[in-house]
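Engineer: This is upload-v4.pdb, which holds PDB, C-alpha atoms:
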ATOM      1  CA  MET A   1     102.568 -72.087  38.637  1.00  0.00           C
ATOM      2  CA  VAL A   2     104.961 -69.207  37.844  1.00  0.00           C
ATOM      3  CA  HIS A   3     102.009 -66.830  37.852  1.00  0.00           C
ATOM      4  CA  ARG A   4     100.956 -68.027  41.297  1.00  0.00           C
ATOM      5  CA  VAL A   5     104.368 -68.039  42.934  1.00  0.00           C
ATOM      6  CA  SER A   6     105.133 -64.564  41.550  1.00  0.00           C
ATOM      7  CA  GLY A   7     101.692 -63.407  42.717  1.00  0.00           C
ATOM      8  CA  ILE A   8     102.381 -64.622  46.258  1.00  0.00           C
ATOM      9  CA  ALA A   9     105.784 -62.895  46.213  1.00  0.00           C
ATOM     10  CA  LEU A  10     104.138 -59.627  45.160  1.00  0.00           C
ATOM     11  CA  ALA A  11     101.381 -60.027  47.777  1.00  0.00           C
ATOM     12  CA  LEU A  12     104.083 -60.371  50.448  1.00  0.00           C
ATOM     13  CA  PHE A  13     106.105 -57.482  49.051  1.00  0.00           C
ATOM     14  CA  LEU A  14     103.238 -54.959  48.877  1.00  0.00           C
ATOM     15  CA  PRO A  15     102.695 -54.501  52.645  1.00  0.00           C
ATOM     16  CA  LEU A  16     106.458 -53.958  53.070  1.00  0.00           C
ATOM     17  CA  HIS A  17     106.454 -51.445  50.216  1.00  0.00           C
ATOM     18  CA  PHE A  18     103.489 -49.586  51.726  1.00  0.00           C
ATOM     19  CA  TRP A  19     105.067 -49.645  55.185  1.00  0.00           C
ATOM     20  CA  ALA A  20     108.331 -48.232  53.823  1.00  0.00           C
ATOM     21  CA  LEU A  21     106.571 -45.333  52.093  1.00  0.00           C
ATOM     22  CA  SER A  22     104.479 -44.645  55.202  1.00  0.00           C
ATOM     23  CA  ARG A  23     107.681 -43.862  57.077  1.00  0.00           C
ATOM     24  CA  ALA A  24     107.560 -40.497  55.317  1.00  0.00           C
ATOM     25  CA  LEU A  25     104.755 -39.668  57.766  1.00  0.00           C
ATOM     26  CA  GLU A  26     107.354 -39.753  60.548  1.00  0.00           C
ATOM     27  CA  GLY A  27     109.615 -37.304  58.729  1.00  0.00           C
ATOM     28  CA  GLU A  28     112.132 -37.224  55.916  1.00  0.00           C
ATOM     29  CA  ALA A  29     114.910 -38.613  58.116  1.00  0.00           C
ATOM     30  CA  GLN A  30     112.963 -41.849  58.612  1.00  0.00           C
ATOM     31  CA  LEU A  31     112.469 -42.274  54.866  1.00  0.00           C
ATOM     32  CA  ASP A  32     116.143 -41.465  54.226  1.00  0.00           C
ATOM     33  CA  ALA A  33     117.173 -44.109  56.780  1.00  0.00           C
ATOM     34  CA  PHE A  34     115.082 -46.625  54.883  1.00  0.00           C
ATOM     35  CA  LEU A  35     116.539 -45.552  51.523  1.00  0.00           C
ATOM     36  CA  ALA A  36     120.051 -46.058  52.943  1.00  0.00           C
ATOM     37  CA  TRP A  37     119.072 -49.577  54.007  1.00  0.00           C
ATOM     38  CA  THR A  38     117.965 -50.369  50.434  1.00  0.00           C
ATOM     39  CA  ARG A  39     121.572 -49.908  49.250  1.00  0.00           C
ATOM     40  CA  ASP A  40     122.563 -53.093  51.120  1.00  0.00           C
ATOM     41  CA  PRO A  41     123.559 -55.835  48.628  1.00  0.00           C
ATOM     42  CA  LEU A  42     121.131 -58.311  50.198  1.00  0.00           C
ATOM     43  CA  VAL A  43     118.265 -55.845  49.782  1.00  0.00           C
ATOM     44  CA  LYS A  44     119.377 -55.249  46.185  1.00  0.00           C
ATOM     45  CA  ALA A  45     119.220 -59.012  45.605  1.00  0.00           C
ATOM     46  CA  ALA A  46     115.694 -59.111  47.062  1.00  0.00           C
ATOM     47  CA  GLU A  47     114.702 -56.189  44.816  1.00  0.00           C
ATOM     48  CA  TRP A  48     115.990 -58.175  41.866  1.00  0.00           C
ATOM     49  CA  GLY A  49     113.693 -61.032  42.892  1.00  0.00           C
ATOM     50  CA  ILE A  50     110.724 -58.648  43.062  1.00  0.00           C
ATOM     51  CA  VAL A  51     111.633 -57.260  39.626  1.00  0.00           C
ATOM     52  CA  LEU A  52     111.528 -60.793  38.239  1.00  0.00           C
ATOM     53  CA  ALA A  53     108.258 -61.570  40.041  1.00  0.00           C
ATOM     54  CA  LEU A  54     106.622 -58.396  38.710  1.00  0.00           C
ATOM     55  CA  ALA A  55     107.818 -59.100  35.153  1.00  0.00           C
ATOM     56  CA  ALA A  56     106.651 -62.713  35.319  1.00  0.00           C
ATOM     57  CA  HIS A  57     103.276 -61.848  36.847  1.00  0.00           C
ATOM     58  CA  PHE A  58     102.693 -58.965  34.415  1.00  0.00           C
ATOM     59  CA  ALA A  59     103.496 -61.160  31.403  1.00  0.00           C
ATOM     60  CA  GLY A  60     101.501 -64.106  32.757  1.00  0.00           C
ATOM     61  CA  GLY A  61      98.540 -61.803  33.314  1.00  0.00           C
ATOM     62  CA  LEU A  62      98.749 -60.462  29.768  1.00  0.00           C
ATOM     63  CA  ARG A  63      98.816 -64.050  28.542  1.00  0.00           C
ATOM     64  CA  VAL A  64      95.717 -64.962  30.566  1.00  0.00           C
ATOM     65  CA  LEU A  65      93.863 -61.893  29.264  1.00  0.00           C
ATOM     66  CA  ALA A  66      94.929 -62.742  25.684  1.00  0.00           C
ATOM     67  CA  LEU A  67      93.844 -66.378  26.128  1.00  0.00           C
ATOM     68  CA  GLU A  68      90.428 -65.351  27.357  1.00  0.00           C
ATOM     69  CA  PHE A  69      89.677 -62.301  25.249  1.00  0.00           C
ATOM     70  CA  LEU A  70      91.660 -62.514  22.000  1.00  0.00           C
ATOM     71  CA  PRO A  71      91.301 -65.047  19.165  1.00  0.00           C
ATOM     72  CA  TRP A  72      95.076 -65.692  19.056  1.00  0.00           C
ATOM     73  CA  ARG A  73      96.823 -69.042  18.775  1.00  0.00           C
ATOM     74  CA  ASP A  74      98.575 -70.519  21.816  1.00  0.00           C
ATOM     75  CA  TRP A  75     102.136 -69.986  20.583  1.00  0.00           C
ATOM     76  CA  GLN A  76     101.388 -66.337  19.814  1.00  0.00           C
ATOM     77  CA  LYS A  77     100.191 -65.762  23.366  1.00  0.00           C
ATOM     78  CA  THR A  78     103.242 -67.474  24.822  1.00  0.00           C
ATOM     79  CA  LEU A  79     105.598 -65.454  22.617  1.00  0.00           C
ATOM     80  CA  THR A  80     103.848 -62.206  23.505  1.00  0.00           C
ATOM     81  CA  ALA A  81     103.987 -62.995  27.210  1.00  0.00           C
ATOM     82  CA  GLY A  82     107.683 -63.926  26.960  1.00  0.00           C
ATOM     83  CA  ALA A  83     108.474 -60.717  25.108  1.00  0.00           C
ATOM     84  CA  ALA A  84     106.543 -58.663  27.663  1.00  0.00           C
ATOM     85  CA  ALA A  85     108.375 -60.374  30.551  1.00  0.00           C
ATOM     86  CA  LEU A  86     111.770 -59.676  29.002  1.00  0.00           C
ATOM     87  CA  THR A  87     110.846 -56.069  28.280  1.00  0.00           C
ATOM     88  CA  VAL A  88     109.585 -55.350  31.780  1.00  0.00           C
ATOM     89  CA  ALA A  89     112.518 -57.144  33.460  1.00  0.00           C
ATOM     90  CA  ALA A  90     115.065 -55.281  31.323  1.00  0.00           C
ATOM     91  CA  GLY A  91     113.310 -51.959  31.834  1.00  0.00           C
ATOM     92  CA  LEU A  92     113.065 -52.425  35.583  1.00  0.00           C
ATOM     93  CA  ALA A  93     116.638 -53.645  35.936  1.00  0.00           C
ATOM     94  CA  PHE A  94     117.770 -50.549  34.063  1.00  0.00           C
ATOM     95  CA  ALA A  95     115.509 -48.265  36.084  1.00  0.00           C
ATOM     96  CA  LEU A  96     116.719 -49.630  39.397  1.00  0.00           C
ATOM     97  CA  ALA A  97     120.319 -49.992  38.150  1.00  0.00           C
ATOM     98  CA  LEU A  98     120.603 -53.389  39.826  1.00  0.00           C
TER
ATOM     99  CA  MET B   1      81.436 -61.428  39.718  1.00  0.00           C
ATOM    100  CA  LEU B   2      84.880 -62.274  41.156  1.00  0.00           C
ATOM    101  CA  TRP B   3      85.986 -63.430  37.677  1.00  0.00           C
ATOM    102  CA  ILE B   4      85.041 -60.080  36.128  1.00  0.00           C
ATOM    103  CA  ALA B   5      86.557 -58.114  39.026  1.00  0.00           C
ATOM    104  CA  GLN B   6      89.835 -60.041  38.660  1.00  0.00           C
ATOM    105  CA  ARG B   7      90.050 -59.392  34.879  1.00  0.00           C
ATOM    106  CA  ALA B   8      89.034 -55.751  35.177  1.00  0.00           C
ATOM    107  CA  SER B   9      91.527 -55.126  37.992  1.00  0.00           C
ATOM    108  CA  ALA B  10      94.219 -57.001  36.004  1.00  0.00           C
ATOM    109  CA  ALA B  11      93.668 -54.742  33.004  1.00  0.00           C
ATOM    110  CA  ALA B  12      93.765 -51.650  35.244  1.00  0.00           C
ATOM    111  CA  LEU B  13      96.927 -52.897  36.964  1.00  0.00           C
ATOM    112  CA  GLY B  14      98.576 -53.550  33.591  1.00  0.00           C
ATOM    113  CA  VAL B  15      98.229 -49.849  32.766  1.00  0.00           C
ATOM    114  CA  CYS B  16      99.103 -48.737  36.317  1.00  0.00           C
ATOM    115  CA  VAL B  17     102.282 -50.850  36.409  1.00  0.00           C
ATOM    116  CA  VAL B  18     103.526 -49.414  33.097  1.00  0.00           C
ATOM    117  CA  VAL B  19     102.870 -45.835  34.302  1.00  0.00           C
ATOM    118  CA  HIS B  20     104.468 -46.645  37.687  1.00  0.00           C
ATOM    119  CA  LEU B  21     107.585 -48.028  35.971  1.00  0.00           C
ATOM    120  CA  ALA B  22     107.886 -44.871  33.882  1.00  0.00           C
ATOM    121  CA  VAL B  23     107.600 -42.794  37.083  1.00  0.00           C
ATOM    122  CA  VAL B  24     110.239 -44.957  38.813  1.00  0.00           C
ATOM    123  CA  MET B  25     112.626 -44.616  35.864  1.00  0.00           C
ATOM    124  CA  TYR B  26     112.172 -40.850  35.933  1.00  0.00           C
ATOM    125  CA  ALA B  27     112.444 -40.586  39.719  1.00  0.00           C
ATOM    126  CA  VAL B  28     115.594 -42.636  40.262  1.00  0.00           C
ATOM    127  CA  GLN B  29     117.733 -40.523  37.946  1.00  0.00           C
ATOM    128  CA  GLY B  30     120.510 -39.062  40.065  1.00  0.00           C
ATOM    129  CA  GLY B  31     119.678 -41.216  43.096  1.00  0.00           C
ATOM    130  CA  LEU B  32     116.851 -41.139  45.616  1.00  0.00           C
ATOM    131  CA  SER B  33     116.456 -38.942  48.670  1.00  0.00           C
ATOM    132  CA  ALA B  34     113.399 -38.301  50.810  1.00  0.00           C
ATOM    133  CA  ALA B  35     113.566 -34.524  50.236  1.00  0.00           C
ATOM    134  CA  GLU B  36     113.733 -34.997  46.477  1.00  0.00           C
ATOM    135  CA  ILE B  37     110.864 -37.518  46.372  1.00  0.00           C
ATOM    136  CA  LEU B  38     108.539 -35.655  48.737  1.00  0.00           C
ATOM    137  CA  GLY B  39     109.361 -32.290  47.164  1.00  0.00           C
ATOM    138  CA  ARG B  40     107.922 -33.537  43.911  1.00  0.00           C
ATOM    139  CA  THR B  41     105.038 -35.611  45.225  1.00  0.00           C
ATOM    140  CA  ARG B  42     103.474 -33.653  48.116  1.00  0.00           C
ATOM    141  CA  GLY B  43     100.378 -31.713  47.162  1.00  0.00           C
ATOM    142  CA  ASN B  44     100.190 -33.287  43.710  1.00  0.00           C
ATOM    143  CA  ALA B  45      96.474 -34.055  43.316  1.00  0.00           C
ATOM    144  CA  ALA B  46      96.714 -35.856  39.969  1.00  0.00           C
ATOM    145  CA  TRP B  47      99.299 -38.364  41.195  1.00  0.00           C
ATOM    146  CA  PHE B  48      97.419 -38.719  44.477  1.00  0.00           C
ATOM    147  CA  ALA B  49      94.354 -39.761  42.446  1.00  0.00           C
ATOM    148  CA  PHE B  50      96.380 -42.111  40.225  1.00  0.00           C
ATOM    149  CA  TYR B  51      98.064 -43.914  43.121  1.00  0.00           C
ATOM    150  CA  SER B  52      94.781 -44.112  45.067  1.00  0.00           C
ATOM    151  CA  PHE B  53      93.295 -45.888  42.045  1.00  0.00           C
ATOM    152  CA  PHE B  54      96.401 -48.131  41.881  1.00  0.00           C
ATOM    153  CA  VAL B  55      95.871 -49.112  45.542  1.00  0.00           C
ATOM    154  CA  LEU B  56      92.183 -49.795  44.861  1.00  0.00           C
ATOM    155  CA  ALA B  57      93.055 -52.105  41.927  1.00  0.00           C
ATOM    156  CA  VAL B  58      95.664 -53.932  44.049  1.00  0.00           C
ATOM    157  CA  THR B  59      93.155 -54.276  46.887  1.00  0.00           C
ATOM    158  CA  VAL B  60      90.654 -55.916  44.523  1.00  0.00           C
ATOM    159  CA  HIS B  61      93.152 -58.087  42.631  1.00  0.00           C
ATOM    160  CA  THR B  62      95.332 -59.524  45.425  1.00  0.00           C
ATOM    161  CA  PRO B  63      92.659 -61.154  47.654  1.00  0.00           C
ATOM    162  CA  ILE B  64      90.861 -62.711  44.653  1.00  0.00           C
ATOM    163  CA  GLY B  65      94.153 -64.201  43.412  1.00  0.00           C
ATOM    164  CA  LEU B  66      95.026 -65.446  46.915  1.00  0.00           C
ATOM    165  CA  ARG B  67      91.535 -66.944  47.217  1.00  0.00           C
ATOM    166  CA  ALA B  68      92.121 -69.162  44.165  1.00  0.00           C
ATOM    167  CA  ILE B  69      95.512 -70.281  45.500  1.00  0.00           C
ATOM    168  CA  LEU B  70      94.125 -71.000  48.987  1.00  0.00           C
ATOM    169  CA  ILE B  71      91.364 -73.133  47.484  1.00  0.00           C
ATOM    170  CA  GLU B  72      93.478 -75.072  44.982  1.00  0.00           C
ATOM    171  CA  TRP B  73      96.687 -75.520  46.989  1.00  0.00           C
ATOM    172  CA  LEU B  74      95.399 -75.730  50.549  1.00  0.00           C
ATOM    173  CA  GLY B  75      91.768 -76.676  50.032  1.00  0.00           C
ATOM    174  CA  TRP B  76      90.917 -73.860  52.457  1.00  0.00           C
ATOM    175  CA  ARG B  77      87.203 -73.039  52.255  1.00  0.00           C
ATOM    176  CA  GLY B  78      84.482 -71.672  54.483  1.00  0.00           C
ATOM    177  CA  PRO B  79      84.156 -68.664  56.785  1.00  0.00           C
ATOM    178  CA  SER B  80      87.728 -68.865  58.144  1.00  0.00           C
ATOM    179  CA  ARG B  81      89.151 -68.390  54.637  1.00  0.00           C
ATOM    180  CA  THR B  82      86.726 -65.545  53.960  1.00  0.00           C
ATOM    181  CA  GLY B  83      87.708 -63.940  57.265  1.00  0.00           C
ATOM    182  CA  PHE B  84      91.393 -64.247  56.405  1.00  0.00           C
ATOM    183  CA  LEU B  85      90.832 -62.634  52.996  1.00  0.00           C
ATOM    184  CA  VAL B  86      88.785 -59.811  54.530  1.00  0.00           C
ATOM    185  CA  ILE B  87      91.735 -59.089  56.845  1.00  0.00           C
ATOM    186  CA  VAL B  88      94.146 -59.150  53.868  1.00  0.00           C
ATOM    187  CA  THR B  89      91.859 -56.767  51.971  1.00  0.00           C
ATOM    188  CA  ALA B  90      91.570 -54.386  54.929  1.00  0.00           C
ATOM    189  CA  LEU B  91      95.350 -54.427  55.472  1.00  0.00           C
ATOM    190  CA  LEU B  92      96.116 -53.726  51.813  1.00  0.00           C
ATOM    191  CA  ALA B  93      93.588 -50.900  51.626  1.00  0.00           C
ATOM    192  CA  SER B  94      94.647 -49.238  54.883  1.00  0.00           C
ATOM    193  CA  MET B  95      98.414 -49.663  54.438  1.00  0.00           C
ATOM    194  CA  GLY B  96      98.195 -48.677  50.760  1.00  0.00           C
ATOM    195  CA  MET B  97      96.213 -45.512  51.415  1.00  0.00           C
ATOM    196  CA  ARG B  98      98.443 -44.637  54.388  1.00  0.00           C
ATOM    197  CA  ALA B  99     101.442 -44.826  52.021  1.00  0.00           C
ATOM    198  CA  VAL B 100      99.673 -42.705  49.392  1.00  0.00           C
ATOM    199  CA  LEU B 101      98.750 -40.113  52.021  1.00  0.00           C
ATOM    200  CA  ALA B 102     102.309 -40.123  53.394  1.00  0.00           C
ATOM    201  CA  VAL B 103     103.842 -39.420  50.002  1.00  0.00           C
ATOM    202  CA  PHE B 104     101.263 -37.242  48.252  1.00  0.00           C
ATOM    203  CA  SER B 105      99.340 -35.211  50.838  1.00  0.00           C
TER
END
Write out the structure in this file as structure tokens.

Structural biologist:
Amino acid sequence: MVHRVSGIALALFLPLHFWALSRALEGEAQLDAFLAWTRDPLVKAAEWGIVLALAAHFAGGLRVLALEFLPWRDWQKTLTAGAAALTVAAGLAFALAL
Amino acid sequence: MLWIAQRASAAALGVCVVVHLAVVMYAVQGGLSAAEILGRTRGNAAWFAFYSFFVLAVTVHTPIGLRAILIEWLGWRGPSRTGFLVIVTALLASMGMRAVLAVFS
């Protein structure tokens, strides 16, 4: 369930992300205007949601791959996925200084 | 076929996401500006190739994942679902490559 909801969130985010970057085609000023918009607290909150979705989906995906391809026990896969989610979320939060 | 494509694209995306995060962490140091970003990215063939591959993996992975959700949650089958997913695929590929071209070419 978490994997699916986070996947849908990412699928909705990607076109927006691509659209934002494409604004560079219209000149640097357009991209700068977008970057200024991303400093809005509401946008920051949305970014935080995407950070969580990416971390959750990344970790869930690693878990699925481990379940299907590695001879690990269930609790090991869950622990690994949890650790990966925490690592990615912390790394991203730091990177984006949210 | 779809099962293999989904696992292969997942593995590729796992690597791409880690590399992308490292790039983001490097790029955001000292704040972001269009001049700074584009000054580093434009004309960089290696990163153009990497992000084109990233877009390809996303374009494979997203519609297959959505397909499973559409079937299991909505029971949506048949040509209309396939048509919808073809549109999603085309949008992701075109918007993704437009973004890559905007930033790297």

Engineer: Under the ChimeraX specification (/B :<8) & /A, which residues of this model are included? Write them out as a ChimeraX atom specification.

Structural biologist: /A:4,7-8,11,14-15,18-25,28-29,31-32,35,58,61-62,65,92,95-96

Engineer: Using only C-alpha atoms, which protein or nucleic acid residues come within 12 Å of A:Met1? Drop anything in the same chain fewer than 4 positions from it, and give the result as a ChimeraX atom specification.

Structural biologist: /A:5-8,56-57,60 /B:69,72-73

Engineer: So, with all atoms listed in the file as the atoms that count, which of A:Leu79, A:Ala36, A:Ala85, A:Val64 lies closest to B:Gln6?

Structural biologist: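 Checking each of A:Leu79, A:Ala36, A:Ala85, A:Val64 against B:Gln6, counting all atoms listed in the file, the winner is A:Val64.
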
Engineer: Select, from A:Leu52, A:Val2, A:Ala46, A:Leu10, the residue with the minimum atom-to-atom distance to A:Ala93, counting all atoms listed in the file.

Structural biologist: A:Leu52

Engineer: To one decimal place, how far is atom CA of A:Arg63 from atom CA of A:Leu86 in Å?

Structural biologist: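 Those two atoms sit 13.7 Å apart.
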
Engineer: As an exercise, work out the distance from atom CA of B:Leu70 to atom CA of B:His20 in Å and give it to one decimal place.

Structural biologist: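 For atom CA of B:Leu70 relative to atom CA of B:His20, the distance reads 28.8 Å.
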
Engineer: By how many Å are atom CA of A:Val51 and atom CA of A:Thr38 apart?

Structural biologist: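 Between atom CA of A:Val51 and atom CA of A:Thr38 the gap is 14.3 Å.
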
Engineer: To box stretch 77-83 of chain A, take all atoms listed in the file, fit an axis-aligned box, add 4 Å on each side, and give centre and edge lengths in Å to one decimal, as AutoDock Vina command-line options.

Structural biologist:
--center_x 104.3 --center_y -64.1 --center_z 24.9 --size_x 16.3 --size_y 14.8 --size_z 12.6

Engineer: Need the shell around B:Ala49: protein/DNA/RNA residues with any atom at most 12 Å away, counting all atoms listed in the file. Skip same-chain ones fewer than 2 positions apart. Format as a list in words?

Structural biologist: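 After dropping sequence-adjacent residues, the list is Cys16, Thr41, Gly43, Asn44, Ala45, Ala46, Trp47, Tyr51, Ser52, Phe53, Phe54, Val55, Leu56, Met97, Val100, Leu101, Phe104 and Ser105 of chain B.
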
Engineer: Apply the PyMOL selection byres ((chain B and resi 81) around 12) to the structure shown and report the selected residues as a PyMOL selection string.

Structural biologist: chain B and resi 63-64+66-71+74-80+82-88

Engineer: List the spatial neighbours of A:Gly49 as number ranges by chain - criterion: any atom at most 10 Å away, only C-alpha atoms, same-chain residues fewer than 4 positions off excluded.

Structural biologist: A: 6, 9-10, 43-45, 53-55

Engineer: My structure is short of atoms at stretch 55-84 of chain A; please model N, CA and C atoms there, returning them as an mmCIF file, keeping the file's coordinate frame.

Structural biologist:
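Resulting contents of rebuild-v6.cif:
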data_model
loop_
_atom_site.group_PDB
_atom_site.id
_atom_site.type_symbol
_atom_site.label_atom_id
_atom_site.label_comp_id
_atom_site.auth_asym_id
_atom_site.auth_seq_id
_atom_site.Cartn_x
_atom_site.Cartn_y
_atom_site.Cartn_z
ATOM 1 N N ALA A 55 107.762 -58.848 36.601
ATOM 2 C CA ALA A 55 107.818 -59.100 35.153
ATOM 3 C C ALA A 55 107.055 -60.374 34.805
ATOM 4 N N ALA A 56 107.291 -61.426 35.595
ATOM 5 C CA ALA A 56 106.651 -62.713 35.319
ATOM 6 C C ALA A 56 105.133 -62.612 35.490
ATOM 7 N N HIS A 57 104.708 -61.934 36.571
ATOM 8 C CA HIS A 57 103.276 -61.848 36.847
ATOM 9 C C HIS A 57 102.572 -60.962 35.813
ATOM 10 N N PHE A 58 103.230 -59.876 35.427
ATOM 11 C CA PHE A 58 102.693 -58.965 34.415
ATOM 12 C C PHE A 58 102.506 -59.719 33.089
ATOM 13 N N ALA A 59 103.559 -60.439 32.678
ATOM 14 C CA ALA A 59 103.496 -61.160 31.403
ATOM 15 C C ALA A 59 102.483 -62.298 31.466
ATOM 16 N N GLY A 60 102.471 -63.020 32.604
ATOM 17 C CA GLY A 60 101.501 -64.106 32.757
ATOM 18 C C GLY A 60 100.076 -63.590 32.711
ATOM 19 N N GLY A 61 99.873 -62.416 33.311
ATOM 20 C CA GLY A 61 98.540 -61.803 33.314
ATOM 21 C C GLY A 61 98.118 -61.393 31.914
ATOM 22 N N LEU A 62 99.059 -60.823 31.155
ATOM 23 C CA LEU A 62 98.749 -60.462 29.768
ATOM 24 C C LEU A 62 98.370 -61.709 28.969
ATOM 25 N N ARG A 63 99.091 -62.797 29.247
ATOM 26 C CA ARG A 63 98.816 -64.050 28.542
ATOM 27 C C ARG A 63 97.402 -64.558 28.859
ATOM 28 N N VAL A 64 97.059 -64.517 30.161
ATOM 29 C CA VAL A 64 95.717 -64.962 30.566
ATOM 30 C C VAL A 64 94.646 -64.111 29.890
ATOM 31 N N LEU A 65 94.853 -62.782 29.894
ATOM 32 C CA LEU A 65 93.863 -61.893 29.264
ATOM 33 C C LEU A 65 93.766 -62.177 27.761
ATOM 34 N N ALA A 66 94.940 -62.440 27.121
ATOM 35 C CA ALA A 66 94.929 -62.742 25.684
ATOM 36 C C ALA A 66 94.213 -64.064 25.416
ATOM 37 N N LEU A 67 94.492 -65.058 26.282
ATOM 38 C CA LEU A 67 93.844 -66.378 26.128
ATOM 39 C C LEU A 67 92.326 -66.257 26.185
ATOM 40 N N GLU A 68 91.865 -65.398 27.112
ATOM 41 C CA GLU A 68 90.428 -65.351 27.357
ATOM 42 C C GLU A 68 89.678 -64.382 26.444
ATOM 43 N N PHE A 69 90.406 -63.345 25.978
ATOM 44 C CA PHE A 69 89.677 -62.301 25.249
ATOM 45 C C PHE A 69 90.092 -62.124 23.789
ATOM 46 N N LEU A 70 91.212 -62.712 23.383
ATOM 47 C CA LEU A 70 91.660 -62.514 22.000
ATOM 48 C C LEU A 70 91.668 -63.841 21.242
ATOM 49 N N PRO A 71 91.336 -63.805 19.940
ATOM 50 C CA PRO A 71 91.301 -65.047 19.165
ATOM 51 C C PRO A 71 92.686 -65.425 18.632
ATOM 52 N N TRP A 72 93.724 -65.353 19.502
ATOM 53 C CA TRP A 72 95.076 -65.692 19.056
ATOM 54 C C TRP A 72 95.319 -67.187 19.216
ATOM 55 N N ARG A 73 96.402 -67.653 18.573
ATOM 56 C CA ARG A 73 96.823 -69.042 18.775
ATOM 57 C C ARG A 73 97.721 -69.114 20.005
ATOM 58 N N ASP A 74 97.818 -70.332 20.577
ATOM 59 C CA ASP A 74 98.575 -70.519 21.816
ATOM 60 C C ASP A 74 100.007 -70.002 21.740
ATOM 61 N N TRP A 75 100.724 -70.366 20.653
ATOM 62 C CA TRP A 75 102.136 -69.986 20.583
ATOM 63 C C TRP A 75 102.303 -68.480 20.484
ATOM 64 N N GLN A 76 101.313 -67.797 19.906
ATOM 65 C CA GLN A 76 101.388 -66.337 19.814
ATOM 66 C C GLN A 76 101.270 -65.709 21.202
ATOM 67 N N LYS A 77 100.381 -66.292 22.013
ATOM 68 C CA LYS A 77 100.191 -65.762 23.366
ATOM 69 C C LYS A 77 101.438 -65.972 24.211
ATOM 70 N N THR A 78 102.039 -67.175 24.046
ATOM 71 C CA THR A 78 103.242 -67.474 24.822
ATOM 72 C C THR A 78 104.384 -66.549 24.404
ATOM 73 N N LEU A 79 104.544 -66.345 23.110
ATOM 74 C CA LEU A 79 105.598 -65.454 22.617
ATOM 75 C C LEU A 79 105.398 -64.032 23.133
ATOM 76 N N THR A 80 104.160 -63.566 23.056
ATOM 77 C CA THR A 80 103.848 -62.206 23.505
ATOM 78 C C THR A 80 104.159 -62.052 24.991
ATOM 79 N N ALA A 81 103.744 -63.056 25.769
ATOM 80 C CA ALA A 81 103.987 -62.995 27.210
ATOM 81 C C ALA A 81 105.479 -63.014 27.501
ATOM 82 N N GLY A 82 106.225 -63.856 26.766
ATOM 83 C CA GLY A 82 107.683 -63.926 26.960
ATOM 84 C C GLY A 82 108.331 -62.595 26.627
ATOM 85 N N ALA A 83 107.906 -62.006 25.517
ATOM 86 C CA ALA A 83 108.474 -60.717 25.108
ATOM 87 C C ALA A 83 108.161 -59.639 26.141
ATOM 88 N N ALA A 84 106.933 -59.659 26.656
ATOM 89 C CA ALA A 84 106.543 -58.663 27.663
ATOM 90 C C ALA A 84 107.373 -58.846 28.931
#
